[in-house]
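Enquirer: My structure file final28.txt, compact mmCIF, C-alpha atoms and all ligand atoms, is below:
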```txt
# COMPACT_ATOMS: atom_id res chain seq x y z
CA MET A 1 1.10 -36.39 -22.67
CA THR A 2 1.65 -37.15 -18.98
CA ILE A 3 -0.79 -36.01 -16.30
CA THR A 4 1.76 -33.44 -15.14
CA GLU A 5 2.14 -32.02 -18.65
CA SER A 6 -1.61 -31.76 -19.11
CA LEU A 7 -1.92 -29.61 -15.98
CA GLN A 8 -1.12 -25.94 -16.16
CA VAL A 9 1.77 -26.06 -13.71
CA PRO A 10 3.44 -22.67 -13.36
CA ASP A 11 7.22 -22.65 -13.22
CA PHE A 12 7.20 -20.14 -10.32
CA GLN A 13 9.60 -17.84 -12.14
CA LEU A 14 9.10 -14.27 -13.21
CA SER A 15 9.11 -13.82 -16.99
CA PRO A 16 12.37 -12.44 -18.45
CA GLU A 17 10.64 -9.04 -18.88
CA LEU A 18 9.62 -8.94 -15.22
CA GLN A 19 13.09 -10.04 -14.09
CA GLN A 20 14.52 -7.18 -16.14
CA PHE A 21 11.99 -4.78 -14.62
CA ARG A 22 12.95 -5.98 -11.12
CA GLU A 23 16.60 -5.20 -11.89
CA PHE A 24 15.56 -1.77 -13.18
CA VAL A 25 13.68 -1.01 -9.94
CA ARG A 26 16.53 -2.40 -7.81
CA ASP A 27 18.85 0.01 -9.58
CA TYR A 28 16.43 2.91 -8.90
CA ALA A 29 16.23 1.89 -5.24
CA ALA A 30 20.02 1.62 -4.87
CA LYS A 31 20.56 5.04 -6.48
CA HIS A 32 17.67 7.04 -5.02
CA LEU A 33 16.64 5.53 -1.67
CA GLY A 34 19.90 5.87 0.20
CA ARG A 35 18.43 8.61 2.42
CA ALA A 36 15.72 6.37 3.94
CA ALA A 37 17.12 6.71 7.47
CA GLU A 38 17.18 10.52 7.13
CA TYR A 39 13.59 10.72 5.88
CA ASP A 40 12.69 8.75 8.98
CA SER A 41 14.69 10.70 11.55
CA ASN A 42 13.88 14.14 10.00
CA VAL A 43 10.21 13.18 9.43
CA GLU A 44 10.87 14.36 5.87
CA PHE A 45 8.77 13.56 2.81
CA PRO A 46 11.01 11.67 0.30
CA ARG A 47 10.32 14.19 -2.44
CA ASP A 48 13.57 13.61 -4.36
CA ALA A 49 12.94 9.84 -4.40
CA VAL A 50 9.32 10.26 -5.54
CA VAL A 51 10.33 12.71 -8.30
CA ALA A 52 12.97 10.23 -9.52
CA ALA A 53 10.38 7.42 -9.46
CA ALA A 54 8.02 9.56 -11.54
CA GLU A 55 10.77 10.33 -14.06
CA LEU A 56 11.46 6.61 -14.45
CA GLY A 57 7.77 5.86 -15.05
CA LEU A 58 7.12 4.14 -11.72
CA LEU A 59 3.98 6.19 -10.99
CA ARG A 60 2.08 4.89 -14.02
CA THR A 61 2.39 1.11 -13.89
CA THR A 62 -1.34 0.56 -13.28
CA VAL A 63 -2.57 3.00 -15.97
CA ALA A 64 -3.59 1.94 -19.51
CA LYS A 65 -1.33 2.99 -22.38
CA GLU A 66 -3.97 5.22 -24.01
CA TYR A 67 -3.85 7.46 -20.92
CA GLY A 68 -0.07 7.65 -20.75
CA GLY A 69 0.44 4.62 -18.52
CA SER A 70 2.70 1.62 -18.98
CA ALA A 71 -0.12 -0.89 -18.28
CA MET A 72 2.25 -3.23 -16.49
CA GLY A 73 -0.43 -4.46 -14.12
CA ASN A 74 -0.51 -5.82 -10.61
CA VAL A 75 2.22 -8.48 -10.73
CA ALA A 76 4.76 -5.92 -11.98
CA SER A 77 3.55 -3.42 -9.36
CA CYS A 78 4.05 -6.03 -6.62
CA VAL A 79 7.58 -6.81 -7.83
CA MET A 80 8.35 -3.08 -7.93
CA LEU A 81 6.90 -2.33 -4.49
CA GLU A 82 8.83 -5.15 -2.82
CA GLU A 83 12.12 -3.73 -4.13
CA ILE A 84 11.29 -0.15 -3.15
CA ASN A 85 10.04 -1.06 0.32
CA ALA A 86 13.12 -3.13 1.05
CA ARG A 87 14.98 0.21 0.99
CA CYS A 88 12.41 2.79 2.10
CA ALA A 89 8.87 2.03 3.24
CA SER A 90 7.91 5.74 3.34
CA THR A 91 8.63 6.05 -0.38
CA GLY A 92 7.00 2.66 -0.88
CA VAL A 93 3.66 3.59 0.67
CA THR A 94 3.55 6.88 -1.25
CA ILE A 95 3.94 5.00 -4.55
CA SER A 96 1.62 2.19 -3.47
CA VAL A 97 -1.25 4.55 -2.63
CA HIS A 98 -0.75 6.57 -5.82
CA ASN A 99 -0.68 3.47 -8.06
CA SER A 100 -2.86 0.90 -6.29
CA LEU A 101 -5.49 3.04 -4.60
CA VAL A 102 -5.79 6.08 -6.86
CA ASN A 103 -4.66 5.30 -10.44
CA SER A 104 -6.18 1.79 -10.41
CA LEU A 105 -9.47 3.12 -9.10
CA LEU A 106 -9.70 5.92 -11.69
CA GLY A 107 -8.76 3.50 -14.48
CA LYS A 108 -11.44 1.01 -13.53
CA TRP A 109 -14.34 3.25 -12.52
CA CYS A 110 -13.99 6.66 -14.20
CA SER A 111 -15.48 7.76 -17.54
CA GLU A 112 -13.33 8.34 -20.61
CA GLU A 113 -13.62 12.10 -20.13
CA GLN A 114 -12.64 11.90 -16.46
CA LYS A 115 -9.57 9.76 -17.24
CA ARG A 116 -8.45 12.24 -19.91
CA ARG A 117 -8.87 15.05 -17.36
CA TRP A 118 -6.81 13.58 -14.48
CA PHE A 119 -4.38 10.97 -15.81
CA PRO A 120 -2.01 13.37 -17.65
CA LYS A 121 -1.05 14.92 -14.30
CA LEU A 122 -1.05 11.65 -12.31
CA VAL A 123 1.09 9.54 -14.66
CA THR A 124 3.86 12.14 -14.73
CA GLY A 125 3.81 12.63 -10.97
CA GLU A 126 2.94 16.33 -11.41
CA TRP A 127 0.07 15.44 -9.09
CA LEU A 128 0.14 12.78 -6.37
CA GLY A 129 -3.06 11.04 -5.34
CA ALA A 130 -4.56 10.21 -1.94
CA TYR A 131 -7.38 7.89 -0.91
CA CYS A 132 -9.77 9.33 1.66
CA LEU A 133 -11.97 6.74 3.33
CA SER A 134 -11.19 6.72 7.08
CA GLU A 135 -12.81 9.10 9.58
CA ALA A 136 -12.83 9.59 13.34
CA TYR A 137 -15.58 7.00 13.83
CA SER A 138 -14.95 4.93 10.73
CA GLY A 139 -11.83 2.78 10.34
CA SER A 140 -12.40 -0.97 10.09
CA ASP A 141 -16.11 -0.25 9.81
CA ALA A 142 -15.84 1.87 6.65
CA ALA A 143 -19.62 1.99 6.13
CA ALA A 144 -19.96 4.08 9.30
CA LEU A 145 -18.50 7.13 7.50
CA ARG A 146 -20.27 10.46 8.04
CA CYS A 147 -18.70 12.90 5.55
CA GLU A 148 -21.63 14.05 3.40
CA ALA A 149 -22.13 15.27 -0.16
CA LYS A 150 -25.51 16.93 -0.75
CA LYS A 151 -26.68 17.41 -4.34
CA ASP A 152 -27.42 21.03 -5.20
CA GLY A 153 -28.13 21.56 -8.90
CA ASP A 154 -25.02 20.89 -10.99
CA HIS A 155 -22.78 20.20 -8.00
CA TYR A 156 -22.56 18.57 -4.57
CA VAL A 157 -21.77 20.40 -1.33
CA MET A 158 -19.28 18.31 0.65
CA ASN A 159 -18.71 18.56 4.41
CA GLY A 160 -16.67 16.36 6.72
CA ALA A 161 -13.18 15.42 7.85
CA LYS A 162 -11.08 12.49 6.69
CA LEU A 163 -8.40 11.15 9.03
CA TRP A 164 -5.11 9.27 8.60
CA ILE A 165 -4.73 10.14 4.93
CA THR A 166 -1.42 8.97 3.45
CA THR A 167 0.31 11.70 1.37
CA GLY A 168 -2.45 14.06 2.61
CA SER A 169 -0.26 17.17 2.67
CA GLU A 170 1.47 16.41 -0.64
CA ALA A 171 -1.36 15.12 -2.84
CA GLN A 172 -3.24 17.36 -5.25
CA LEU A 173 -6.01 14.88 -6.04
CA PHE A 174 -8.16 13.15 -3.44
CA VAL A 175 -10.55 10.28 -3.99
CA VAL A 176 -13.15 11.01 -1.30
CA PHE A 177 -15.89 8.65 -0.11
CA ALA A 178 -18.94 10.55 1.14
CA ARG A 179 -22.51 9.94 2.11
CA THR A 180 -25.13 10.86 -0.54
CA GLY A 181 -27.99 8.93 1.07
CA PRO A 182 -29.12 7.41 4.38
CA ASP A 183 -28.53 3.73 3.55
CA ARG A 184 -25.40 2.55 5.42
CA VAL A 185 -23.83 0.98 2.32
CA LYS A 186 -25.80 2.14 -0.73
CA GLY A 187 -25.74 5.71 0.60
CA ILE A 188 -21.99 6.03 -0.04
CA SER A 189 -20.57 7.59 -3.23
CA ALA A 190 -17.03 8.24 -4.50
CA PHE A 191 -15.77 11.61 -5.80
CA VAL A 192 -12.60 13.19 -7.10
CA VAL A 193 -11.79 16.34 -5.14
CA GLU A 194 -8.92 18.64 -6.12
CA LYS A 195 -6.81 20.26 -3.44
CA SER A 196 -7.02 23.72 -5.06
CA TRP A 197 -10.80 23.99 -4.57
CA ALA A 198 -12.25 26.36 -1.97
CA GLY A 199 -12.99 24.62 1.33
CA VAL A 200 -10.41 21.84 0.95
CA GLY A 201 -7.81 21.98 3.72
CA VAL A 202 -5.02 19.89 5.20
CA GLY A 203 -5.53 19.54 8.96
CA LYS A 204 -3.56 17.85 11.70
CA LYS A 205 -0.43 15.89 10.71
CA GLU A 206 -0.09 12.64 12.69
CA ARG A 207 3.05 11.86 14.69
CA LYS A 208 3.71 8.20 13.95
CA LEU A 209 5.63 5.17 15.19
CA GLY A 210 6.93 4.34 11.71
CA LEU A 211 6.66 5.39 8.06
CA ARG A 212 7.69 8.78 9.32
CA GLY A 213 8.69 10.09 5.91
CA SER A 214 5.14 9.52 4.67
CA PRO A 215 2.92 12.41 5.78
CA THR A 216 -0.37 11.16 7.25
CA THR A 217 -2.86 14.00 7.71
CA GLU A 218 -6.41 15.02 8.25
CA ILE A 219 -8.24 16.36 5.18
CA VAL A 220 -10.89 18.90 6.06
CA LEU A 221 -13.80 19.48 3.67
CA GLU A 222 -15.88 22.58 4.43
CA ASN A 223 -18.73 23.44 2.09
CA VAL A 224 -16.65 22.22 -0.85
CA LYS A 225 -18.49 22.73 -4.16
CA VAL A 226 -17.79 19.46 -6.00
CA PRO A 227 -18.92 19.57 -9.67
CA ALA A 228 -21.39 16.75 -10.45
CA ASP A 229 -19.02 15.48 -13.15
CA CYS A 230 -16.52 14.60 -10.42
CA LEU A 231 -18.80 11.84 -9.15
CA ILE A 232 -17.12 8.48 -9.89
CA ALA A 233 -19.41 5.94 -11.58
CA GLU A 234 -22.87 6.38 -10.09
CA GLU A 235 -24.34 7.56 -6.81
CA GLY A 236 -24.40 4.71 -4.31
CA MET A 237 -21.44 2.85 -5.87
CA GLY A 238 -18.89 4.22 -3.38
CA PHE A 239 -18.71 1.28 -0.99
CA THR A 240 -18.32 -1.25 -3.82
CA ILE A 241 -15.57 0.92 -5.35
CA ALA A 242 -13.81 1.32 -1.98
CA LEU A 243 -13.72 -2.41 -1.24
CA ASP A 244 -12.79 -3.45 -4.77
CA THR A 245 -9.91 -0.95 -4.74
CA LEU A 246 -8.70 -2.18 -1.35
CA ASP A 247 -8.18 -5.67 -2.85
CA GLY A 248 -5.52 -4.10 -5.08
CA GLY A 249 -4.23 -1.86 -2.27
CA ARG A 250 -3.73 -4.91 -0.07
CA LEU A 251 -1.46 -6.40 -2.73
CA GLY A 252 0.58 -3.20 -2.47
CA ILE A 253 0.84 -3.50 1.32
CA ALA A 254 1.56 -7.24 1.09
CA SER A 255 4.45 -6.32 -1.22
CA GLN A 256 5.55 -3.59 1.17
CA SER A 257 5.58 -6.20 3.93
CA LEU A 258 7.61 -8.61 1.79
CA GLY A 259 10.14 -5.84 1.12
CA ILE A 260 10.49 -5.04 4.82
CA ALA A 261 10.77 -8.76 5.63
CA ALA A 262 13.40 -9.29 2.92
CA ALA A 263 15.49 -6.40 4.27
CA ALA A 264 15.28 -7.75 7.84
CA ILE A 265 16.15 -11.28 6.70
CA GLU A 266 19.17 -9.95 4.82
CA LEU A 267 20.39 -8.22 8.00
CA ILE A 268 20.05 -11.52 9.89
CA ARG A 269 21.72 -13.51 7.08
CA SER A 270 24.75 -11.26 6.86
CA GLU A 271 25.09 -11.15 10.65
CA ILE A 272 25.03 -14.95 10.92
CA ALA A 273 27.31 -15.38 7.89
CA SER A 274 29.89 -13.08 9.49
CA GLN A 275 30.12 -15.27 12.61
CA VAL A 276 32.87 -17.78 11.80
CA ASP A 277 35.75 -19.39 13.66
CA ALA A 278 39.42 -19.19 12.64
CA LYS A 279 38.85 -21.91 10.06
CA GLY A 280 35.85 -20.15 8.53
CA ARG A 281 33.28 -22.53 10.06
CA PRO A 282 29.95 -20.95 11.08
CA THR A 283 29.68 -20.27 14.80
CA ALA A 284 26.21 -18.72 14.90
CA SER A 285 23.84 -20.50 17.25
CA GLN A 286 21.59 -23.16 15.81
CA ALA A 287 18.61 -21.18 17.11
CA ASP A 288 19.58 -18.16 14.99
CA GLN A 289 20.09 -20.37 11.93
CA TRP A 290 16.64 -21.90 12.42
CA THR A 291 15.14 -18.43 12.72
CA LEU A 292 16.80 -17.45 9.43
CA ALA A 293 15.63 -20.64 7.73
CA ASP A 294 12.00 -20.29 8.85
CA LEU A 295 11.80 -16.61 7.89
CA ALA A 296 13.34 -17.24 4.45
CA ALA A 297 10.93 -20.11 3.75
CA ASP A 298 7.94 -17.98 4.77
CA LEU A 299 9.15 -15.08 2.61
CA ASP A 300 9.12 -17.32 -0.48
CA ALA A 301 5.73 -18.78 0.43
CA TYR A 302 4.01 -15.42 1.04
CA ARG A 303 5.56 -13.90 -2.10
CA PHE A 304 3.83 -16.64 -4.09
CA LEU A 305 0.55 -15.96 -2.25
CA THR A 306 0.89 -12.29 -3.18
CA TRP A 307 1.71 -12.96 -6.82
CA ARG A 308 -1.18 -15.45 -7.05
CA ALA A 309 -3.65 -12.76 -5.97
CA ALA A 310 -2.01 -10.25 -8.34
CA VAL A 311 -2.34 -12.67 -11.28
CA LEU A 312 -6.04 -13.10 -10.48
CA ARG A 313 -6.55 -9.34 -10.32
CA ASP A 314 -4.71 -8.84 -13.61
CA ARG A 315 -7.11 -11.38 -15.13
CA GLY A 316 -10.10 -9.47 -13.79
CA VAL A 317 -11.02 -12.23 -11.32
CA ARG A 318 -12.18 -11.19 -7.84
CA CYS A 319 -9.38 -11.88 -5.36
CA SER A 320 -10.63 -10.55 -1.98
CA THR A 321 -9.84 -13.81 -0.15
CA GLU A 322 -6.48 -14.30 -1.84
CA ALA A 323 -5.45 -10.64 -1.31
CA ALA A 324 -6.40 -10.86 2.37
CA MET A 325 -4.38 -14.08 2.72
CA ALA A 326 -1.39 -12.37 1.12
CA LYS A 327 -1.64 -9.20 3.21
CA SER A 328 -2.29 -10.87 6.56
CA THR A 329 0.53 -13.41 6.20
CA ALA A 330 3.10 -11.05 4.68
CA SER A 331 2.47 -8.27 7.21
CA ARG A 332 2.83 -10.67 10.14
CA LEU A 333 6.05 -12.00 8.59
CA ALA A 334 7.42 -8.45 8.28
CA ASN A 335 6.86 -7.98 12.01
CA ARG A 336 8.40 -11.34 12.95
CA ALA A 337 11.43 -10.78 10.70
CA ALA A 338 12.07 -7.22 11.90
CA ARG A 339 11.70 -8.27 15.56
CA ALA A 340 14.14 -11.15 15.00
CA ALA A 341 16.62 -8.80 13.29
CA VAL A 342 16.57 -6.43 16.27
CA SER A 343 17.08 -9.37 18.66
CA ILE A 344 19.89 -11.03 16.72
CA LEU A 345 21.76 -7.78 16.05
CA GLY A 346 21.43 -6.78 19.70
CA GLU A 347 22.50 -3.21 20.43
CA ARG A 348 23.18 -2.58 16.72
CA GLY A 349 19.62 -3.71 16.07
CA ALA A 350 18.04 -1.45 18.64
CA SER A 351 20.22 1.63 18.28
CA GLY A 352 19.73 2.80 14.74
CA ALA A 353 23.27 1.72 13.78
CA THR A 354 21.50 -0.59 11.32
CA ALA A 355 18.08 -0.37 9.64
CA ALA A 356 16.61 -3.03 11.96
CA GLU A 357 14.80 -0.72 14.39
CA ARG A 358 13.29 1.36 11.55
CA LEU A 359 12.13 -1.83 9.84
CA LEU A 360 10.45 -2.90 13.09
CA ARG A 361 8.63 0.44 13.45
CA ASP A 362 7.60 0.50 9.77
CA ALA A 363 6.47 -3.14 9.88
CA ARG A 364 4.06 -2.49 12.73
CA ILE A 365 1.87 -0.29 10.52
CA THR A 366 1.48 -2.93 7.79
CA GLU A 367 -0.75 -4.83 10.22
CA ILE A 368 -3.02 -1.83 10.74
CA TYR A 369 -3.75 0.03 7.52
CA GLU A 370 -5.70 -1.10 4.46
CA GLY A 371 -7.51 -3.44 6.82
CA ALA A 372 -6.11 -4.59 10.18
CA THR A 373 -4.98 -8.23 10.45
CA ASP A 374 -8.12 -9.26 12.33
CA ILE A 375 -10.24 -7.82 9.54
CA GLN A 376 -8.20 -9.71 6.91
CA ARG A 377 -8.88 -12.90 8.84
CA LEU A 378 -12.60 -12.12 8.82
CA VAL A 379 -12.47 -11.52 5.05
CA ILE A 380 -10.71 -14.88 4.56
CA ALA A 381 -13.16 -16.75 6.79
CA ARG A 382 -16.14 -15.16 5.03
CA GLY A 383 -14.63 -16.03 1.65
CA LEU A 384 -14.17 -19.64 2.71
CA MET A 385 -17.73 -19.91 4.01
CA ALA A 386 -19.41 -18.22 1.04
C1 LIG B 401 0.02 5.12 8.80
C2 LIG B 401 -1.42 5.00 8.41
C3 LIG B 401 -1.82 5.43 7.15
C4 LIG B 401 -3.17 5.36 6.78
N1 LIG B 401 -3.54 5.80 5.54
C5 LIG B 401 -4.85 5.83 5.21
C6 LIG B 401 -5.28 6.39 3.96
O1 LIG B 401 -4.47 6.80 3.12
N2 LIG B 401 -6.60 6.46 3.70
C7 LIG B 401 -7.53 6.01 4.59
O2 LIG B 401 -8.72 6.10 4.28
N3 LIG B 401 -7.17 5.47 5.78
C8 LIG B 401 -5.85 5.37 6.11
N4 LIG B 401 -5.46 4.85 7.32
C9 LIG B 401 -6.47 4.38 8.26
C10 LIG B 401 -6.50 2.85 8.35
O3 LIG B 401 -7.05 2.31 7.20
C11 LIG B 401 -7.26 2.48 9.63
O4 LIG B 401 -6.41 2.80 10.71
C12 LIG B 401 -7.62 1.02 9.67
O5 LIG B 401 -8.66 0.75 8.76
C13 LIG B 401 -8.06 0.57 11.06
O6 LIG B 401 -9.05 1.43 11.54
P1 LIG B 401 -8.93 2.07 13.01
O7 LIG B 401 -7.57 2.62 13.14
O8 LIG B 401 -10.09 3.00 13.18
O9 LIG B 401 -9.04 0.87 13.99
P2 LIG B 401 -10.37 0.17 14.51
O10 LIG B 401 -11.34 -0.04 13.41
O11 LIG B 401 -10.86 0.90 15.72
O12 LIG B 401 -9.79 -1.22 14.94
C14 LIG B 401 -8.91 -1.35 16.07
C15 LIG B 401 -8.68 -2.82 16.34
O13 LIG B 401 -9.90 -3.50 16.53
C16 LIG B 401 -10.01 -4.62 15.66
N5 LIG B 401 -11.36 -4.72 15.10
C17 LIG B 401 -12.15 -3.70 14.66
N6 LIG B 401 -13.31 -4.18 14.18
C18 LIG B 401 -13.26 -5.53 14.32
C19 LIG B 401 -14.15 -6.59 13.98
N7 LIG B 401 -15.33 -6.36 13.40
N8 LIG B 401 -13.77 -7.86 14.28
C20 LIG B 401 -12.57 -8.12 14.83
N9 LIG B 401 -11.68 -7.15 15.17
C21 LIG B 401 -12.02 -5.88 14.91
C22 LIG B 401 -9.03 -4.35 14.53
O14 LIG B 401 -8.49 -5.55 14.07
C23 LIG B 401 -7.98 -3.51 15.17
O15 LIG B 401 -6.95 -4.32 15.66
C24 LIG B 401 -4.11 4.86 7.70
C25 LIG B 401 -3.69 4.40 8.96
C26 LIG B 401 -2.37 4.45 9.32
C27 LIG B 401 -1.97 3.95 10.67
```
With the file now loaded, output its structure as structure tokens.
Ligand SMILES: Cc1cc2nc3c(=O)[nH]c(=O)nc-3n(C[C@H](O)[C@H](O)[C@H](O)COP(=O)(O)OP(=O)(O)OC[C@H]3O[C@@H](n4cnc5c(N)ncnc54)[C@H](O)[C@@H]3O)c2cc1C

Expert:
Amino acid sequence: MTITESLQVPDFQLSPELQQFREFVRDYAAKHLGRAAEYDSNVEFPRDAVVAAAELGLLRTTVAKEYGGSAMGNVASCVMLEEINARCASTGVTISVHNSLVNSLLGKWCSEEQKRRWFPKLVTGEWLGAYCLSEAYSGSDAAALRCEAKKDGDHYVMNGAKLWITTGSEAQLFVVFARTGPDRVKGISAFVVEKSWAGVGVGKKERKLGLRGSPTTEIVLENVKVPADCLIAEEGMGFTIALDTLDGGRLGIASQSLGIAAAAIELIRSEIASQVDAKGRPTASQADQWTLADLAADLDAYRFLTWRAAVLRDRGVRCSTEAAMAKSTASRLANRAARAAVSILGERGASGATAAERLLRDARITEIYEGATDIQRLVIARGLMA
């Protein structure tokens, strides 16, 4: 056996099953995401696209089979989210939050009884999920949250307001992080809160630069009586649960970024390929060709970073550093690629005649949510120094 053979060298290919799944999702995206520009300009929730995704089983990829899921895991979810986001990032973030932030969290941290209670509605898409961590004074510094849950016999009384909640107005199930004690970190607990309960309200809807089809709202919690059996895991586990879940969420947003980047690169490629002289020789400037080459090389590199982190997570290995590397590099690439597409396409890039300007607006948000780029860099540096 040679040294090379004795090493576990991956062949950097998706398995035949995953390639088939990618084709399946591509087909869904081609058939159901054709209205992406309308969702954006009408600020319209992509309900028809989300319903179709649910019918095809795309809202249950991170749920175990015994609870009605397809247990496809994180690599498959990344492949799926890249394809969906290449067509419509508003649909993409809705599915990413539902799968990566809500279903994954419930699957990992909830009791058997809790999973049997909520998964039947979540895997079919009858209910959508939302993840409620951020508040007015608590974004990057999640441990500064103030929403409180006070124990009162067999329930908790919850008061507070969550801000910038993706799918806020459409979701029926909220995972809410609230303070159950004074300690900055150990005083945080996680709960499931259902929209139908008294005191749960949808507040202000944000007007956003991009992802306009994805409703981002305030969730107001006023004297909400939360049954004690809706506490996730144990009191004081909330911060650990929030951060662990964000590792998976960041793989979703890395994949969203790859999808946006791929769509922008394809616009650039077809523009350059169409510039030929009478004899069919390329006439595009060398500068534009270099831009295309660099972006395409980075897309391949950051896709492998993303899949590496997803493989680790599927194996149950902590991947905070790797997920932060994937998200920070992929989200910056999405911005570079979309900016280049707008520049190279000129007025067709800036006017809305092509998807370039929407891609640029959507890309901007990938560097903010689920941990801003500067925070990802801190996570990576801390991981390297640990
Ligand atoms: C479209 C959208 C959807 C969202 N969806 C959700 C959701 O579903 N659920 C949810 O809970 N939240 C959601 N958020 C909130 C999002 O997670 C926060 O916006 C994000 O964590 C950043 O927090 P912030 O906006 O308060 O910015 P801040 O924390 O105020 O940060 C602003 C800037 O300061 C920098 N900064 C902050 N602290 C540091 C530091 N220690 N070191 C270096 N730089 C620092 C950051 O990098 C950033 O550039 C969403 C946000 C957006 C825009």

Enquirer: Using all atoms listed in the file, can you tell me which of A:Ile165, A:Val157, A:Ala136, A:Cys88 comes closest to Ser257 in chain A?

Expert: A:Cys88

Enquirer: Pick out the residues no farther than 8 Å from ligand LIG 401 (chain B), counting only C-alpha atoms and all ligand atoms, and list them as an mmCIF file with C-alpha atoms, in the coordinates of the input.

Expert:
```cif
data_model
loop_
_atom_site.group_PDB
_atom_site.id
_atom_site.type_symbol
_atom_site.label_atom_id
_atom_site.label_comp_id
_atom_site.auth_asym_id
_atom_site.auth_seq_id
_atom_site.Cartn_x
_atom_site.Cartn_y
_atom_site.Cartn_z
ATOM 1 C CA VAL A 97 -1.250 4.550 -2.630
ATOM 2 C CA ALA A 130 -4.560 10.210 -1.940
ATOM 3 C CA TYR A 131 -7.380 7.890 -0.910
ATOM 4 C CA CYS A 132 -9.770 9.330 1.660
ATOM 5 C CA LEU A 133 -11.970 6.740 3.330
ATOM 6 C CA SER A 134 -11.190 6.720 7.080
ATOM 7 C CA GLU A 135 -12.810 9.100 9.580
ATOM 8 C CA ALA A 136 -12.830 9.590 13.340
ATOM 9 C CA TYR A 137 -15.580 7.000 13.830
ATOM 10 C CA SER A 138 -14.950 4.930 10.730
ATOM 11 C CA GLY A 139 -11.830 2.780 10.340
ATOM 12 C CA SER A 140 -12.400 -0.970 10.090
ATOM 13 C CA ASP A 141 -16.110 -0.250 9.810
ATOM 14 C CA ALA A 142 -15.840 1.870 6.650
ATOM 15 C CA LYS A 162 -11.080 12.490 6.690
ATOM 16 C CA LEU A 163 -8.400 11.150 9.030
ATOM 17 C CA TRP A 164 -5.110 9.270 8.600
ATOM 18 C CA ILE A 165 -4.730 10.140 4.930
ATOM 19 C CA THR A 166 -1.420 8.970 3.450
ATOM 20 C CA THR A 167 0.310 11.700 1.370
ATOM 21 C CA GLY A 168 -2.450 14.060 2.610
ATOM 22 C CA LYS A 208 3.710 8.200 13.950
ATOM 23 C CA GLY A 210 6.930 4.340 11.710
ATOM 24 C CA LEU A 211 6.660 5.390 8.060
ATOM 25 C CA SER A 214 5.140 9.520 4.670
ATOM 26 C CA THR A 216 -0.370 11.160 7.250
ATOM 27 C CA ILE A 365 1.870 -0.290 10.520
ATOM 28 C CA ILE A 368 -3.020 -1.830 10.740
ATOM 29 C CA TYR A 369 -3.750 0.030 7.520
ATOM 30 C CA GLU A 370 -5.700 -1.100 4.460
ATOM 31 C CA GLY A 371 -7.510 -3.440 6.820
ATOM 32 C CA ALA A 372 -6.110 -4.590 10.180
ATOM 33 C CA THR A 373 -4.980 -8.230 10.450
ATOM 34 C CA ASP A 374 -8.120 -9.260 12.330
ATOM 35 C CA ILE A 375 -10.240 -7.820 9.540
ATOM 36 C CA LEU A 378 -12.600 -12.120 8.820
#
```

Enquirer: Mind giving me the straight-line distance from CA of Arg382 in chain A to CA of Val317 in chain A in Å, one decimal?

Expert: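 CA of Val317 in chain A lies 17.4 Å from CA of Arg382 in chain A.
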
Enquirer: Residues at most 8 Å from Thr306 in chain A, counting all atoms listed in the file, excluding those fewer than 4 positions away in the same chain, as a ChimeraX atom specification?

Expert: /A:78,251,254-255,302,310,322-323,326-327

Enquirer: What lies within 7 Å of Thr62 in chain A using all atoms listed in the file, ignoring chain neighbours under 3 positions off, as a list of chain:residue names?

Expert: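 Within the cut-off, the hits are A:Gly69, A:Ala71, A:Met72, A:Gly73, A:Asn74, A:Asn99, A:Asn103, A:Ser104.
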
Enquirer: Select, from A:Asp244, A:Asp27, A:Glu367, A:Glu44, the residue with the minimum atom-to-atom distance to Met80 in chain A, counting all atoms listed in the file.

Expert: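 Closest candidate: A:Asp27.
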
Enquirer: Counting only C-alpha atoms, which residues of range 297-323 of chain A sit at most 12 Å from some atom of range 276-293 of chain A, and what is each one's closest atom pair with its distance in Å to one decimal, listed by chain and rising residue number, as CSV?

Expert:
```
residue,atom,partner,partner_atom,distance
A:Ala297,CA,A:Ala293,CA,6.2
A:Asp298,CA,A:Ala293,CA,8.7
A:Leu299,CA,A:Ala293,CA,10.0
A:Asp300,CA,A:Ala293,CA,11.0
```

Enquirer: What's the 10 Å shell around Gln114 in chain A, counting only C-alpha atoms, without same-chain residues fewer than 4 positions away, as a list of chain:residue names?

Expert: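 My reading of the contact set: A:Leu106, A:Gly107, A:Trp109, A:Cys110, A:Trp118, A:Phe119, A:Val192, A:Asp229, A:Cys230, A:Leu231, A:Ile232.
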
Enquirer: Smallest atom-to-atom distance to Leu59 in chain A: which of A:Tyr39, A:Glu148, A:Asn85, A:Leu128, using all atoms listed in the file?

Expert: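 For Leu59 in chain A, the nearest of the candidates is A:Leu128.
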
Enquirer: Using all atoms listed in the file, which of the listed residues (A:Leu105, A:Leu246, A:Leu258, A:Ala355) sits closest to Ser41 in chain A?

Expert: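 Smallest separation from Ser41 in chain A among the options: A:Ala355.
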
Enquirer: What does the distance from CA of Val123 in chain A to CA of Arg26 in chain A come to in Å, to one decimal?

Expert: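 Result for CA of Val123 in chain A versus CA of Arg26 in chain A: 20.7 Å, one decimal.
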
Enquirer: Given the choices A:Ser15, A:Ala233, A:Val93, A:Asp154, which gets closest to Lys115 in chain A if the distance is worked out from all atoms listed in the file?

Expert: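 Closest to Lys115 in chain A, using all atoms listed in the file: A:Ala233.
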
Enquirer: Looking at only C-alpha atoms, which of A:Ile268, A:Tyr28, A:Met325, A:Gly213 is the one that sits closest to Ile344 in chain A?

Expert: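 Closest to Ile344 in chain A of all the choices is A:Ile268.
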